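Colleague: Structure supplied as coords_15.cif; contents: mmCIF, C-alpha atoms.
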```cif
data_protein
#
loop_
_atom_site.label_atom_id
_atom_site.label_comp_id
_atom_site.auth_asym_id
_atom_site.auth_seq_id
_atom_site.Cartn_x
_atom_site.Cartn_y
_atom_site.Cartn_z
CA MET V 1 0.00 0.00 0.00
CA THR V 2 1.89 2.99 -1.27
CA ASP V 3 1.24 6.55 -2.37
CA PRO V 4 1.26 5.72 -6.13
CA VAL V 5 -1.30 2.93 -5.60
CA ALA V 6 -3.71 5.01 -3.52
CA TYR V 7 -3.41 8.19 -5.58
CA GLY V 8 -3.38 6.21 -8.84
CA ILE V 9 -6.71 4.64 -7.94
CA ALA V 10 -8.05 8.01 -6.80
CA VAL V 11 -7.06 9.57 -10.14
CA LEU V 12 -8.61 6.67 -12.06
CA ALA V 13 -11.84 7.07 -10.09
CA LEU V 14 -11.80 10.83 -10.75
CA LEU V 15 -11.34 10.17 -14.48
CA VAL V 16 -14.39 7.88 -14.48
CA ALA V 17 -16.23 10.53 -12.43
CA GLY V 18 -15.34 13.10 -15.07
CA PHE V 19 -16.55 10.81 -17.85
CA ALA V 20 -19.82 10.24 -15.96
CA ALA V 21 -20.15 13.98 -15.32
CA TRP V 22 -19.80 14.53 -19.07
CA HIS V 23 -22.83 12.25 -19.48
CA VAL V 24 -24.76 14.35 -16.95
CA VAL V 25 -23.88 17.64 -18.60
CA ARG V 26 -24.61 16.41 -22.11
CA ASP V 27 -27.76 14.61 -20.92
CA ARG V 28 -26.54 11.23 -22.16
CA GLU V 29 -28.00 7.99 -20.91
CA PHE V 30 -25.96 5.31 -19.23
CA GLY V 31 -24.00 3.73 -22.10
CA ASN V 32 -21.56 0.90 -22.69
CA PRO V 33 -18.34 3.00 -22.65
CA LEU V 34 -19.17 4.29 -19.15
CA PHE V 35 -20.10 0.79 -18.05
CA TYR V 36 -16.75 -0.56 -19.25
CA ALA V 37 -14.92 2.30 -17.54
CA VAL V 38 -16.59 1.40 -14.25
CA CYS V 39 -15.73 -2.28 -14.88
CA VAL V 40 -12.04 -1.42 -15.32
CA LEU V 41 -12.07 0.45 -12.02
CA GLU V 42 -13.89 -2.44 -10.35
CA ILE V 43 -11.21 -4.90 -11.49
CA VAL V 44 -8.52 -2.58 -10.10
CA LEU V 45 -10.43 -2.38 -6.81
CA LEU V 46 -10.72 -6.17 -6.62
CA VAL V 47 -6.94 -6.39 -7.12
CA LEU V 48 -6.58 -3.77 -4.39
CA LEU V 49 -8.77 -5.84 -2.06
CA VAL V 50 -6.60 -8.92 -2.54
CA GLY V 51 -3.29 -7.06 -2.61
CA GLY V 52 -4.24 -4.87 0.35
CA SER V 53 -5.28 -7.87 2.42
CA ILE V 54 -2.00 -9.64 1.68
CA ALA V 55 -0.05 -6.48 2.46
CA LEU V 56 -1.95 -6.12 5.73
CA SER V 57 -1.09 -9.65 6.80
CA SER V 58 2.59 -9.26 6.03
CA THR V 59 3.27 -5.73 7.21
CA SER V 60 4.96 -4.83 10.44
CA ARG V 61 3.07 -1.55 10.54
CA ASP V 62 0.51 -0.92 13.27
CA VAL V 63 -2.52 -0.73 10.94
CA ASP V 64 -6.10 -0.83 12.18
CA GLY V 65 -6.91 -4.06 10.33
CA ILE V 66 -10.70 -4.07 10.72
CA LEU V 67 -10.97 -0.49 9.49
CA PHE V 68 -8.54 -1.11 6.63
CA VAL V 69 -10.33 -4.18 5.31
CA SER V 70 -13.77 -2.59 5.75
CA TYR V 71 -12.58 0.27 3.52
CA LEU V 72 -11.28 -2.20 0.93
CA VAL V 73 -14.58 -4.10 0.89
CA THR V 74 -16.64 -0.89 0.75
CA MET V 75 -14.63 0.31 -2.25
CA VAL V 76 -15.33 -2.97 -4.06
CA VAL V 77 -19.07 -2.82 -3.31
CA ILE V 78 -19.69 0.83 -4.31
CA PRO V 79 -19.24 0.66 -8.14
CA PRO V 80 -21.67 -2.25 -8.76
CA ALA V 81 -24.16 -0.73 -6.32
CA ALA V 82 -23.95 2.58 -8.21
CA VAL V 83 -24.43 0.87 -11.57
CA LEU V 84 -27.48 -1.04 -10.29
CA TRP V 85 -29.03 2.09 -8.78
CA GLY V 86 -28.10 4.38 -11.67
CA ILE V 87 -28.86 2.21 -14.69
CA ALA V 88 -32.56 1.98 -13.84
CA GLU V 89 -32.87 5.77 -14.10
CA LYS V 90 -33.45 6.79 -17.69
CA SER V 91 -32.34 10.37 -17.31
CA ARG V 92 -29.08 12.21 -16.94
CA TRP V 93 -29.16 11.61 -13.18
CA GLY V 94 -28.61 7.90 -13.65
CA THR V 95 -25.04 8.75 -14.53
CA GLY V 96 -25.10 11.36 -11.75
CA VAL V 97 -25.19 8.40 -9.38
CA VAL V 98 -21.93 7.18 -10.95
CA VAL V 99 -20.36 10.61 -10.41
CA VAL V 100 -21.24 10.41 -6.72
CA ALA V 101 -19.93 6.85 -6.44
CA MET V 102 -16.64 7.61 -8.20
CA LEU V 103 -15.95 10.70 -6.09
CA THR V 104 -16.65 8.56 -3.02
CA THR V 105 -14.25 5.88 -4.25
CA ALA V 106 -11.54 8.49 -4.80
CA ALA V 107 -12.06 9.88 -1.29
CA LEU V 108 -12.00 6.39 0.24
CA SER V 109 -8.75 5.61 -1.59
CA VAL V 110 -7.04 8.65 -0.10
CA ARG V 111 -8.41 7.84 3.37
CA LEU V 112 -7.29 4.24 2.95
CA LEU V 113 -3.74 5.50 2.57
CA GLY V 114 -4.20 7.50 5.76
CA ILE V 115 -5.33 4.38 7.62
CA TRP V 116 -2.34 2.48 6.27
CA LYS V 117 0.00 5.18 7.53
CA GLY V 118 -1.82 5.39 10.86
CA ALA V 119 -2.74 9.02 10.28
CA TYR V 120 -6.06 8.66 12.12
CA ALA V 121 -4.78 6.64 15.06
CA MET H 1 -48.91 7.30 -11.70
CA PRO H 2 -48.51 9.16 -14.98
CA ASP H 3 -45.06 9.70 -16.36
CA ARG H 4 -44.54 13.44 -16.47
CA GLY H 5 -40.98 13.39 -17.76
CA SER H 6 -37.72 13.10 -15.90
CA SER H 7 -37.63 16.66 -14.60
CA SER H 8 -41.08 16.79 -13.01
CA ARG H 9 -41.76 13.21 -11.99
CA PRO H 10 -43.28 13.38 -8.53
CA ASP H 11 -41.30 10.44 -7.12
CA THR H 12 -38.45 11.51 -4.81
CA SER H 13 -36.19 8.72 -6.09
CA HIS H 14 -36.28 9.71 -9.75
CA GLY H 15 -34.57 12.38 -11.78
CA PHE H 16 -32.23 14.43 -9.62
CA GLY H 17 -33.45 12.43 -6.62
CA ARG H 18 -31.67 9.40 -8.02
CA ALA H 19 -28.30 11.04 -7.45
CA LEU H 20 -29.45 12.59 -4.17
CA VAL H 21 -30.35 9.16 -2.78
CA ALA H 22 -26.86 7.99 -3.78
CA VAL H 23 -25.28 10.81 -1.77
CA TYR H 24 -27.51 10.01 1.21
CA ALA H 25 -26.59 6.33 0.93
CA VAL H 26 -22.90 7.23 1.08
CA PHE H 27 -23.45 9.24 4.26
CA ALA H 28 -25.70 6.58 5.75
CA LEU H 29 -22.83 4.15 5.27
CA ALA H 30 -20.12 6.55 6.40
CA ALA H 31 -21.92 7.68 9.55
CA SER H 32 -23.29 4.32 10.67
CA ALA H 33 -20.14 2.33 9.86
CA ARG H 34 -18.00 4.86 11.67
CA SER H 35 -20.22 4.82 14.73
CA ILE H 36 -20.30 1.02 14.83
CA VAL H 37 -16.49 0.98 14.81
CA GLN H 38 -16.45 3.63 17.54
CA LEU H 39 -19.00 1.87 19.71
CA VAL H 40 -17.28 -1.51 19.38
CA THR H 41 -13.67 -0.44 19.80
CA GLU H 42 -13.38 2.93 21.47
CA VAL H 43 -16.30 3.64 23.75
CA GLU H 44 -15.59 4.54 27.37
CA SER H 45 -17.85 5.88 30.07
CA ASP H 46 -17.00 9.55 29.46
CA THR H 47 -17.41 9.30 25.69
CA VAL H 48 -20.78 7.55 25.57
CA VAL H 49 -22.76 10.68 24.74
CA PRO H 50 -20.76 11.83 21.68
CA TYR H 51 -20.56 8.27 20.36
CA ALA H 52 -24.26 7.75 20.90
CA LEU H 53 -24.86 10.99 19.01
CA SER H 54 -22.65 9.68 16.23
CA ALA H 55 -24.75 6.52 16.07
CA PHE H 56 -27.91 8.64 16.05
CA ALA H 57 -26.54 10.56 13.05
CA GLY H 58 -26.01 7.25 11.30
CA VAL H 59 -29.60 6.18 11.94
CA VAL H 60 -30.92 9.53 10.69
CA TYR H 61 -29.03 9.14 7.40
CA VAL H 62 -30.15 5.55 6.98
CA VAL H 63 -33.82 6.45 7.51
CA ALA H 64 -33.55 9.53 5.27
CA THR H 65 -31.99 7.42 2.51
CA PHE H 66 -34.76 4.84 2.81
CA ALA H 67 -37.47 7.51 2.86
CA LEU H 68 -36.13 9.29 -0.23
CA ALA H 69 -35.56 6.04 -2.11
CA ARG H 70 -39.08 4.78 -1.38
CA ASN H 71 -40.87 8.13 -1.77
CA HIS H 72 -41.99 8.41 1.88
CA ARG H 73 -42.23 12.19 1.87
CA ARG H 74 -43.32 12.85 5.43
CA LEU H 75 -40.64 10.55 6.85
CA ALA H 76 -38.06 12.14 4.56
CA ALA H 77 -39.05 15.63 5.66
CA VAL H 78 -38.83 14.70 9.35
CA THR H 79 -35.45 12.97 9.10
CA ILE H 80 -33.93 15.66 6.89
CA GLY H 81 -35.23 18.24 9.38
CA ILE H 82 -33.53 16.35 12.22
CA GLU H 83 -30.41 16.15 10.09
CA LEU H 84 -30.43 19.92 9.58
CA VAL H 85 -30.86 20.61 13.30
CA GLY H 86 -28.22 17.99 14.08
CA VAL H 87 -25.51 19.31 11.81
CA LEU H 88 -26.12 22.90 12.90
CA SER H 89 -26.20 22.19 16.65
CA VAL H 90 -23.37 19.63 16.70
CA GLY H 91 -21.35 21.82 14.36
CA LEU H 92 -21.78 24.81 16.65
CA LEU H 93 -21.15 22.82 19.86
CA SER H 94 -18.02 21.20 18.45
CA LEU H 95 -16.58 24.63 17.71
CA VAL H 96 -17.62 26.17 21.03
CA ASP H 97 -16.46 23.24 23.15
CA PRO H 98 -14.16 20.82 21.25
CA ASP H 99 -13.79 18.64 24.37
CA LEU H 100 -17.41 17.63 24.02
CA PHE H 101 -16.54 15.63 20.90
CA PRO H 102 -13.17 13.93 21.46
CA ASP H 103 -13.52 12.00 18.22
CA GLN H 104 -14.76 13.09 14.82
CA THR H 105 -18.39 12.60 13.89
CA VAL H 106 -19.89 13.43 10.50
CA TRP H 107 -21.44 16.56 12.00
CA SER H 108 -18.36 17.89 13.84
CA ASP H 109 -17.21 21.33 12.67
CA PHE H 110 -20.25 21.48 10.35
CA GLY H 111 -19.00 18.39 8.50
CA MET H 112 -15.62 19.84 7.61
CA GLY H 113 -14.07 16.34 7.49
CA TYR H 114 -16.52 15.58 4.68
CA VAL H 115 -15.90 18.77 2.71
CA PHE H 116 -19.02 20.36 4.30
CA ILE H 117 -21.37 18.09 2.37
CA PRO H 118 -23.26 17.23 5.62
CA LEU H 119 -24.03 20.94 5.99
CA VAL H 120 -25.28 21.40 2.42
CA LEU H 121 -27.11 18.08 2.11
CA PRO H 122 -30.19 18.81 4.28
CA PHE H 123 -30.86 22.06 2.41
CA VAL H 124 -30.63 20.23 -0.91
CA GLY H 125 -32.84 17.47 0.49
CA LEU H 126 -35.57 19.87 1.65
CA TRP H 127 -35.37 21.77 -1.64
CA TRP H 128 -35.79 18.50 -3.52
CA LEU H 129 -38.80 17.45 -1.41
CA ARG H 130 -40.44 20.77 -2.20
CA HIS H 131 -39.42 20.76 -5.84
CA SER H 132 -40.62 17.21 -6.53
CA ARG H 133 -44.11 17.60 -5.04
CA ILE H 134 -46.96 16.30 -7.17
CA ASP H 135 -48.95 19.49 -6.75
CA ALA H 136 -45.95 21.78 -7.13
CA PRO H 137 -47.08 24.69 -9.28
CA ARG H 138 -44.72 25.80 -12.02
CA ARG H 139 -44.19 29.28 -10.70
CA PRO H 140 -46.46 30.06 -7.77
CA ALA H 141 -47.54 33.66 -7.33
CA GLU H 142 -46.81 33.77 -3.64
CA ALA H 143 -48.34 36.42 -1.45
#
```
Take the structure I supplied and represent it as structure tokens, if you would.
Modeller:
Amino acid sequence: MTDPVAYGIAVLALLVAGFAAWHVVRDREFGNPLFYAVCVLEIVLLVLLVGGSIALSSTSRDVDGILFVSYLVTMVVIPPAAVLWGIAEKSRWGTGVVVVAMLTTAALSVRLLGIWKGAYA
Amino acid sequence: MPDRGSSSRPDTSHGFGRALVAVYAVFALAASARSIVQLVTEVESDTVVPYALSAFAGVVYVVATFALARNHRRLAAVTIGIELVGVLSVGLLSLVDPDLFPDQTVWSDFGMGYVFIPLVLPFVGLWWLRHSRIDAPRRPAEA
């Protein structure tokens, strides 16, 4: 769990958020390109869940394990939840849901790094 | 219920409300998960009140999310009202007497730890409830 990983994921989430926001502004419906973008992020988050869990078990750092893993799991759950909630809405706000979810994912990624470094202990 | 287009559909969970429910869901999760962690791992006799308040905030967000998602207007109005009072009073108290809240809650410092979204959210929520009413006139000539 390093700075490039956490900020890289945050930037990726912000990029998807920007793409979703473009849909909102242009009044586009939920389309395949956005869906694939969310899928790419989801795969990265699944890798983060596995990698983060392994890193947690092998680190000598004093990390709050329960909090750390709960963040990892939450980050994995958010994108599919947003797609399910947003795709049923046939207006620009369906993709607005994705904007909210991606901004949340970015924020969680940065906070995850803080938990790893013990910044909130 | 007739479909009146995405911008004026009277259901609180459609149109803009779709995204609003998503924001509420995030705060329902953030506030309740945080308070569960606090109550399980950190609670001591002198911190029961702030942690209980934190849990209360979590419940308020959960109920507000449910109410908005299922179009329960009265329940939504009540919980968002409580949310507004909560963020204003806790925000003020946490600035006046920081010792009262030894640990962060979503409402501390008017939600500064959450980029002030907790402060803005109830106003947006109440606006949306008013805006999405079935009988909302287009432009009422108010006295």
Colleague: Determine which residues of chain H sit within 12 Å of chain V, taking into account all atoms listed in the file, and present them as a ChimeraX atom specification.
Modeller: /H:5-9,11,13-27,29-30,33-38,40-42,69,103-104,113-115,117
Colleague: Residues picked by the PyMOL selection byres ((chain H and resi 126) around 10) here, as a PyMOL selection string?
Modeller: chain H and resi 76-78+80-81+84+121-125+127-132
Colleague: Calculate how many Å separate CA of Ile54 (chain V) from CA of Val38 (chain V), rounding to one decimal.
Modeller: 24.3 Å
Colleague: Hey, what's within 9 Å of region 3-14 of chain V if we count only C-alpha atoms and toss same-chain stuff fewer than 6 positions away? As a VMD selection string, please?
Modeller: chain V and resid 38 41 44 to 45 48 99 101 to 113
Colleague: When the PyMOL selection byres ((chain V and resi 76) around 8) is applied to the file above, which residues end up in the set, as a list in words?
Modeller: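 Checking the PyMOL selection byres ((chain V and resi 76) around 8) against this file, the residues are Glu42, Leu45, Leu46, Leu49, Leu72, Val73, Thr74, Met75, Val77, Ile78, Pro79 and Pro80 of chain V.
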Colleague: Could you state the separation of CA of Ile82 (chain H) and CA of Phe110 (chain H) in Å, given to one decimal place?
Modeller: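 About the pair CA of Ile82 (chain H) and CA of Phe110 (chain H): they are 14.4 Å apart.
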Colleague: Mind pulling up the distance from CA of Leu93 (chain H) to CA of Ser108 (chain H)?
Modeller: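 Between these atoms lies a distance of 8.3 Å.
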Colleague: Hey, what's within 9 Å of Glu83 (chain H) if we count all atoms listed in the file and toss same-chain stuff fewer than 4 positions away? As a short mmCIF file (atom, residue, chain, number, x, y, z; two decimals) with C-alpha atoms, in the frame of the given file, please?
Modeller:
```
data_model
loop_
_atom_site.label_atom_id
_atom_site.label_comp_id
_atom_site.auth_asym_id
_atom_site.auth_seq_id
_atom_site.Cartn_x
_atom_site.Cartn_y
_atom_site.Cartn_z
CA ALA H 57 -26.54 10.56 13.05
CA VAL H 60 -30.92 9.53 10.69
CA TYR H 61 -29.03 9.14 7.40
CA ALA H 64 -33.55 9.53 5.27
CA VAL H 78 -38.83 14.70 9.35
CA THR H 79 -35.45 12.97 9.10
CA VAL H 87 -25.51 19.31 11.81
CA LEU H 88 -26.12 22.90 12.90
CA PRO H 118 -23.26 17.23 5.62
CA LEU H 119 -24.03 20.94 5.99
CA LEU H 121 -27.11 18.08 2.11
CA PRO H 122 -30.19 18.81 4.28
#
```
Colleague: Apply the PyMOL selection byres ((chain H and resi 54) around 9) to the structure shown and report the selected residues as a count of residues only.
Modeller: 19
Colleague: Since the input is missing atoms for region 117-128 of chain H, could you rebuild it with all heavy atoms and give the result as a CSV table (one decimal), in the coordinates of the input?
Modeller:
```csv
chain,number,residue,atom,x,y,z
H,117,ILE,N,-20.2,18.7,3.0
H,117,ILE,CA,-21.4,18.1,2.4
H,117,ILE,C,-22.5,17.9,3.4
H,117,ILE,O,-23.7,18.2,3.1
H,117,ILE,CB,-21.0,16.8,1.6
H,117,ILE,CG1,-20.1,17.1,0.5
H,117,ILE,CG2,-22.3,16.1,1.1
H,117,ILE,CD1,-19.5,15.8,-0.2
H,118,PRO,N,-22.2,17.4,4.6
H,118,PRO,CA,-23.3,17.2,5.6
H,118,PRO,C,-24.0,18.5,5.9
H,118,PRO,O,-25.2,18.5,6.3
H,118,PRO,CB,-22.5,16.7,6.9
H,118,PRO,CG,-21.3,16.1,6.4
H,118,PRO,CD,-20.9,16.9,5.2
H,119,LEU,N,-23.4,19.7,5.8
H,119,LEU,CA,-24.0,20.9,6.0
H,119,LEU,C,-24.9,21.3,4.8
H,119,LEU,O,-26.0,21.9,5.0
H,119,LEU,CB,-23.0,22.0,6.2
H,119,LEU,CG,-23.5,23.5,6.5
H,119,LEU,CD1,-24.3,23.5,7.8
H,119,LEU,CD2,-22.3,24.4,6.6
H,120,VAL,N,-24.5,21.0,3.6
H,120,VAL,CA,-25.3,21.4,2.4
H,120,VAL,C,-26.4,20.4,2.2
H,120,VAL,O,-27.5,20.8,1.7
H,120,VAL,CB,-24.3,21.4,1.2
H,120,VAL,CG1,-25.1,21.8,-0.1
H,120,VAL,CG2,-23.2,22.4,1.4
H,121,LEU,N,-26.2,19.1,2.5
H,121,LEU,CA,-27.1,18.1,2.1
H,121,LEU,C,-28.6,18.3,2.6
H,121,LEU,O,-29.5,18.1,1.8
H,121,LEU,CB,-26.6,16.7,2.6
H,121,LEU,CG,-27.0,15.5,1.9
H,121,LEU,CD1,-26.9,15.5,0.4
H,121,LEU,CD2,-26.3,14.3,2.5
H,122,PRO,N,-28.8,18.6,3.9
H,122,PRO,CA,-30.2,18.8,4.3
H,122,PRO,C,-30.9,19.9,3.5
H,122,PRO,O,-32.1,19.8,3.2
H,122,PRO,CB,-30.1,19.1,5.8
H,122,PRO,CG,-28.7,19.5,6.0
H,122,PRO,CD,-27.9,18.8,5.0
H,123,PHE,N,-30.2,21.0,3.2
H,123,PHE,CA,-30.9,22.1,2.4
H,123,PHE,C,-31.3,21.6,1.0
H,123,PHE,O,-32.4,21.8,0.5
H,123,PHE,CB,-29.9,23.3,2.3
H,123,PHE,CG,-29.7,24.0,3.6
H,123,PHE,CD1,-28.5,23.8,4.3
H,123,PHE,CD2,-30.6,24.8,4.1
H,123,PHE,CE1,-28.3,24.4,5.5
H,123,PHE,CE2,-30.4,25.5,5.3
H,123,PHE,CZ,-29.3,25.3,6.0
H,124,VAL,N,-30.3,20.8,0.4
H,124,VAL,CA,-30.6,20.2,-0.9
H,124,VAL,C,-31.8,19.3,-0.8
H,124,VAL,O,-32.7,19.2,-1.6
H,124,VAL,CB,-29.4,19.5,-1.5
H,124,VAL,CG1,-29.7,18.9,-2.8
H,124,VAL,CG2,-28.2,20.5,-1.7
H,125,GLY,N,-31.8,18.5,0.3
H,125,GLY,CA,-32.8,17.5,0.5
H,125,GLY,C,-34.2,18.1,0.6
H,125,GLY,O,-35.2,17.7,0.0
H,126,LEU,N,-34.3,19.2,1.4
H,126,LEU,CA,-35.6,19.9,1.6
H,126,LEU,C,-36.0,20.6,0.4
H,126,LEU,O,-37.2,20.5,0.0
H,126,LEU,CB,-35.4,20.9,2.8
H,126,LEU,CG,-35.3,20.3,4.2
H,126,LEU,CD1,-35.0,21.4,5.2
H,126,LEU,CD2,-36.5,19.4,4.6
H,127,TRP,N,-35.0,21.1,-0.4
H,127,TRP,CA,-35.4,21.8,-1.6
H,127,TRP,C,-36.0,20.7,-2.6
H,127,TRP,O,-37.0,21.0,-3.3
H,127,TRP,CB,-34.1,22.4,-2.3
H,127,TRP,CG,-34.3,22.7,-3.7
H,127,TRP,CD1,-35.0,23.8,-4.2
H,127,TRP,CD2,-34.0,21.9,-4.8
H,127,TRP,NE1,-35.0,23.7,-5.6
H,127,TRP,CE2,-34.4,22.6,-6.0
H,127,TRP,CE3,-33.3,20.7,-5.0
H,127,TRP,CZ2,-34.2,22.1,-7.3
H,127,TRP,CZ3,-33.1,20.2,-6.2
H,127,TRP,CH2,-33.6,20.8,-7.4
H,128,TRP,N,-35.3,19.5,-2.6
H,128,TRP,CA,-35.8,18.5,-3.5
H,128,TRP,C,-37.2,18.0,-3.2
H,128,TRP,O,-38.0,17.8,-4.0
H,128,TRP,CB,-34.8,17.3,-3.5
H,128,TRP,CG,-35.3,16.2,-4.3
H,128,TRP,CD1,-35.6,14.9,-3.9
H,128,TRP,CD2,-35.5,16.2,-5.8
H,128,TRP,NE1,-36.0,14.1,-4.9
H,128,TRP,CE2,-36.0,14.9,-6.1
H,128,TRP,CE3,-35.4,17.1,-6.8
H,128,TRP,CZ2,-36.3,14.5,-7.4
H,128,TRP,CZ3,-35.8,16.7,-8.1
H,128,TRP,CH2,-36.2,15.5,-8.3
```
